Amino acid sequence: MRIARFSSGGSDPRYGVVEGAPGEEELLVVSGDPLFTPLNPTGERVPLVDARLLAPVIPRSKVLGVGRNYAAHAAELGNEVPDEPLVFTVPNTSVAGPGDPLVIPAWAGEELHYEGELAVVIRRLCKDVPLARVPEVVYGYTVANDVTARGLQESDKQWWRAKGADGFTPLGPWIETELDPADVRIETRRITGTGADEEVEVVQDGRTSLMVHDVAAIVAHVSQAMTLLPGDVILTGTPAGVGPVRAGQRVEVEVEGIGVLSTPFVAPEPD
């Protein structure tokens with residue numbers, strides 16, 4: 001089941017179940033927040049083309065990331081593969097929705113990188129989750145772009161700016177509740193130009209089966225140290241092929257079985 005958060009006609013954010021064939025999708029509107037209340041369809045339907053998709057979840061608590069979770073990605077940056085998941089935190093203010101423009105901060109430097117990833121959305125409050133019970137605490141999965149100011153990642157040491165700035169964690173287009181995350185494809189495309197002049201470059205092409213630490217291992221490990229709350233998001237790492245993106249380009253991250261997350265990168269307004 002695909003659960004989307006959206007607005008339409010100037011309405012406040014609402015939730016809906018995405019139904020229908022590709023190109024003909026509709027949102028079956030539900031009351032309340034499906035993370036906290038049972039699915040209760042209102043009967044209203046909104047054509048997907050008439051809706052603005054928003055970040056499918058705004059974590060009330062936290063977003064956690066996992067670094068160097070694909071051996072080839074660790075190697076391309078000259079890093080060793082960690083024995084345990086290398087976990088970092090970013091604030092929930094870093095979350096953005098599908099299609100939201102990311103204004104490149106002047107302080108980010110020239111090496112602003114995309115990182116396409118599978119993201120886990122937590123279902124309920126949990127602590128010390130055994131490996132075998134991880135599926136019980138997972139609500140579903142979405143697509144993430146763990147945008148990184150690579151130079152600052154090195155110079156700041158702590159990654160609060162490099163990965164946690166406003167808009168640096170686009171999520172979407174919706175949450176898929178029935179995905180098996182063991183072996184799905186992650187493809188990232190860097191797109192330059194528009195229309196007939198559009199140039200599409202596939203820059204990442206990996207599979208979750210290549211993760212050093214799989215979803216169950218990550219969730220279990222994190223829950224040993226901190227309580228997870230409904231709506232918390234865990235980014236599971238990025239395959240090899242990370243690289244720079246500049247203003248005027250767009251990055252699409254596609255996760256098999258979920259969909260495509262698109263993020264345009266734009267220059268800041270002149271002073």
# chains A, B, ... in the order shown; residues from 1 in each chain; ligands from 1
$ residues_around --residues "Asp83 of chain A" --least-positions-apart "2" --cutoff "12 Å" --atoms "only C-alpha atoms" --output "list in words"
Gly67, Arg68, Asn69, Ala71, Glu80, Val81, Pro85, Leu86, Val87, Val212, His213, Ala217, Ile218 and His221 of chain A
$ select_by_dssp --residues "segment 15-254 of chain A" --states "strand (DSSP E)" --output "MDAnalysis selection string"
chainID A and resid 15:19 26:30 41:47 52:53 63:67 86:90 95:96 102:103 112:114 116:122 138:145 148:149 169:176 185:192 199:207 233:235 243:244 249:254
$ closest_residue --among "A:Arg185, A:Arg190, A:His73, A:Lys62" --to "Gly257 of chain A" --atoms "only C-alpha atoms"
A:Arg185
$ residues_around --residues "Arg150 of chain A" --least-positions-apart "2" --cutoff "7 Å" --atoms "only C-alpha atoms" --output "list in words"
Glu111, Leu112, His113, Thr148, Leu152, Gln153, Glu154 and Ala162 of chain A
$ write_last_selection --atoms "all heavy atoms" --output "PDB file, in the first residue's frame"
ATOM      1  N   GLU A 111      31.292  21.375  -3.606  1.00  0.00           N
ATOM      2  CA  GLU A 111      31.098  19.932  -3.606  1.00  0.00           C
ATOM      3  C   GLU A 111      29.834  19.549  -2.846  1.00  0.00           C
ATOM      4  O   GLU A 111      29.882  18.937  -1.785  1.00  0.00           O
ATOM      5  CB  GLU A 111      32.321  19.232  -3.000  1.00  0.00           C
ATOM      6  CG  GLU A 111      33.561  19.297  -3.877  1.00  0.00           C
ATOM      7  CD  GLU A 111      33.404  18.506  -5.173  1.00  0.00           C
ATOM      8  OE1 GLU A 111      33.101  17.299  -5.100  1.00  0.00           O
ATOM      9  OE2 GLU A 111      33.572  19.100  -6.253  1.00  0.00           O
ATOM     10  N   LEU A 112      28.686  19.927  -3.405  1.00  0.00           N
ATOM     11  CA  LEU A 112      27.417  19.476  -2.866  1.00  0.00           C
ATOM     12  C   LEU A 112      27.044  18.188  -3.598  1.00  0.00           C
ATOM     13  O   LEU A 112      26.901  18.179  -4.818  1.00  0.00           O
ATOM     14  CB  LEU A 112      26.334  20.538  -3.066  1.00  0.00           C
ATOM     15  CG  LEU A 112      25.045  20.313  -2.275  1.00  0.00           C
ATOM     16  CD1 LEU A 112      25.271  20.497  -0.788  1.00  0.00           C
ATOM     17  CD2 LEU A 112      23.941  21.234  -2.769  1.00  0.00           C
ATOM     18  N   HIS A 113      26.913  17.092  -2.853  1.00  0.00           N
ATOM     19  CA  HIS A 113      26.736  15.772  -3.464  1.00  0.00           C
ATOM     20  C   HIS A 113      25.329  15.237  -3.221  1.00  0.00           C
ATOM     21  O   HIS A 113      24.721  15.485  -2.175  1.00  0.00           O
ATOM     22  CB  HIS A 113      27.737  14.770  -2.870  1.00  0.00           C
ATOM     23  CG  HIS A 113      29.115  14.913  -3.410  1.00  0.00           C
ATOM     24  ND1 HIS A 113      30.033  13.887  -3.390  1.00  0.00           N
ATOM     25  CD2 HIS A 113      29.745  15.960  -4.008  1.00  0.00           C
ATOM     26  CE1 HIS A 113      31.177  14.292  -3.943  1.00  0.00           C
ATOM     27  NE2 HIS A 113      31.020  15.552  -4.310  1.00  0.00           N
ATOM     28  N   THR A 148      24.711  16.089   0.728  1.00  0.00           N
ATOM     29  CA  THR A 148      25.887  16.256   1.583  1.00  0.00           C
ATOM     30  C   THR A 148      26.820  17.331   1.036  1.00  0.00           C
ATOM     31  O   THR A 148      27.213  17.278  -0.130  1.00  0.00           O
ATOM     32  CB  THR A 148      26.672  14.935   1.680  1.00  0.00           C
ATOM     33  OG1 THR A 148      25.802  13.899   2.145  1.00  0.00           O
ATOM     34  CG2 THR A 148      27.845  15.060   2.639  1.00  0.00           C
ATOM     35  N   LEU A 152      32.503  20.316   3.805  1.00  0.00           N
ATOM     36  CA  LEU A 152      32.198  20.592   5.203  1.00  0.00           C
ATOM     37  C   LEU A 152      32.109  19.316   6.024  1.00  0.00           C
ATOM     38  O   LEU A 152      32.362  19.333   7.233  1.00  0.00           O
ATOM     39  CB  LEU A 152      30.886  21.370   5.316  1.00  0.00           C
ATOM     40  CG  LEU A 152      30.931  22.802   4.781  1.00  0.00           C
ATOM     41  CD1 LEU A 152      29.550  23.433   4.861  1.00  0.00           C
ATOM     42  CD2 LEU A 152      31.937  23.633   5.557  1.00  0.00           C
ATOM     43  N   GLN A 153      31.753  18.218   5.383  1.00  0.00           N
ATOM     44  CA  GLN A 153      31.731  16.942   6.099  1.00  0.00           C
ATOM     45  C   GLN A 153      33.107  16.635   6.669  1.00  0.00           C
ATOM     46  O   GLN A 153      33.236  16.097   7.772  1.00  0.00           O
ATOM     47  CB  GLN A 153      31.280  15.824   5.162  1.00  0.00           C
ATOM     48  CG  GLN A 153      31.071  14.488   5.854  1.00  0.00           C
ATOM     49  CD  GLN A 153      30.646  13.407   4.881  1.00  0.00           C
ATOM     50  OE1 GLN A 153      30.882  13.490   3.675  1.00  0.00           O
ATOM     51  NE2 GLN A 153      30.006  12.376   5.394  1.00  0.00           N
ATOM     52  N   GLU A 154      34.115  16.993   5.926  1.00  0.00           N
ATOM     53  CA  GLU A 154      35.495  16.758   6.375  1.00  0.00           C
ATOM     54  C   GLU A 154      35.952  17.839   7.354  1.00  0.00           C
ATOM     55  O   GLU A 154      36.498  17.540   8.410  1.00  0.00           O
ATOM     56  CB  GLU A 154      36.431  16.713   5.169  1.00  0.00           C
ATOM     57  CG  GLU A 154      37.906  16.600   5.523  1.00  0.00           C
ATOM     58  CD  GLU A 154      38.238  15.311   6.259  1.00  0.00           C
ATOM     59  OE1 GLU A 154      37.509  14.316   6.091  1.00  0.00           O
ATOM     60  OE2 GLU A 154      39.232  15.299   7.015  1.00  0.00           O
ATOM     61  N   ALA A 162      26.866  19.628   7.173  1.00  0.00           N
ATOM     62  CA  ALA A 162      27.100  18.935   5.907  1.00  0.00           C
ATOM     63  C   ALA A 162      25.902  18.110   5.470  1.00  0.00           C
ATOM     64  O   ALA A 162      25.651  17.943   4.273  1.00  0.00           O
ATOM     65  CB  ALA A 162      28.337  18.043   6.028  1.00  0.00           C
TER      66      ALA A 162
END
$ closest_residue --among "A:Gln249, A:Ala225, A:Glu176, A:Pro244" --to "Val200 of chain A" --atoms "only C-alpha atoms"
A:Gln249
$ closest_residue --among "A:Val203, A:Ala196, A:Val255, A:Val129" --to "Ser223 of chain A" --atoms "only C-alpha atoms"
A:Val129
$ atom_distance --atom1 "atom CA of Val95 of chain A" --atom2 "atom CA of Phe6 of chain A"
14.9 Å
$ atom_distance --atom1 "atom CA of Glu187 of chain A" --atom2 "atom CA of Val253 of chain A"
5.8 Å
$ residues_around --residues "segment 182-184 of chain A" --least-positions-apart "5" --cutoff "6 Å" --atoms "only C-alpha atoms" --output "PyMOL selection string"
chain A and resi 207-209+256
$ residues_around --residues "Lys127 of chain A" --least-positions-apart "6" --cutoff "10 Å" --atoms "only C-alpha atoms" --output "JSON, numbers by chain"
{"A": [137, 219, 220, 221, 222, 223, 224, 225, 226, 227, 228, 229]}
$ closest_atom_pairs --of "segment 55-148 of chain A" --to "segment 234-237 of chain A" --cutoff "8 Å" --atoms "only C-alpha atoms" --output "tab-separated table"
residue	atom	partner	partner_atom	distance
A:Val63	CA	A:Ile234	CA	5.8
A:Leu64	CA	A:Ile234	CA	4.7
A:Gly65	CA	A:Leu235	CA	4.6
A:Val66	CA	A:Gly237	CA	5.1
A:Gly67	CA	A:Gly237	CA	5.6
A:Arg68	CA	A:Gly237	CA	6.5
A:Asn69	CA	A:Gly237	CA	5.2
A:Tyr70	CA	A:Gly237	CA	6.9
A:Glu117	CA	A:Gly237	CA	5.8
A:Leu118	CA	A:Thr236	CA	5.8
A:Ala119	CA	A:Leu235	CA	4.5
A:Val120	CA	A:Ile234	CA	5.0
A:Val121	CA	A:Ile234	CA	6.7
A:Ala144	CA	A:Leu235	CA	7.1
A:Asp146	CA	A:Leu235	CA	7.8
$ residues_around --residues "segment 102-105 of chain A" --least-positions-apart "4" --cutoff "12 Å" --atoms "only C-alpha atoms" --output "ChimeraX atom specification"
/A:94-98,109-114,145,147-149,161-162,165-170,244-251,262-270
$ select_by_dssp --residues "segment 37-237 of chain A" --states "helix (DSSP H, G or I)" --output "NGL selection string"
:A and (48-50 or 71-76 or 92-94 or 106-108 or 131-137 or 150-156 or 160-164 or 181-183 or 195-197 or 208-210 or 215-225)
$ residues_around --residues "Val138 of chain A" --least-positions-apart "2" --cutoff "8 Å" --atoms "only C-alpha atoms" --output "list in words"
Val120, Val121, Ile122, Arg123, Arg124, Val134, Pro135, Glu136 and Gly140 of chain A
$ closest_residue --among "A:Leu171, A:Leu35, A:Ala240, A:Ala4" --to "Val202 of chain A" --atoms "only C-alpha atoms"
A:Ala240
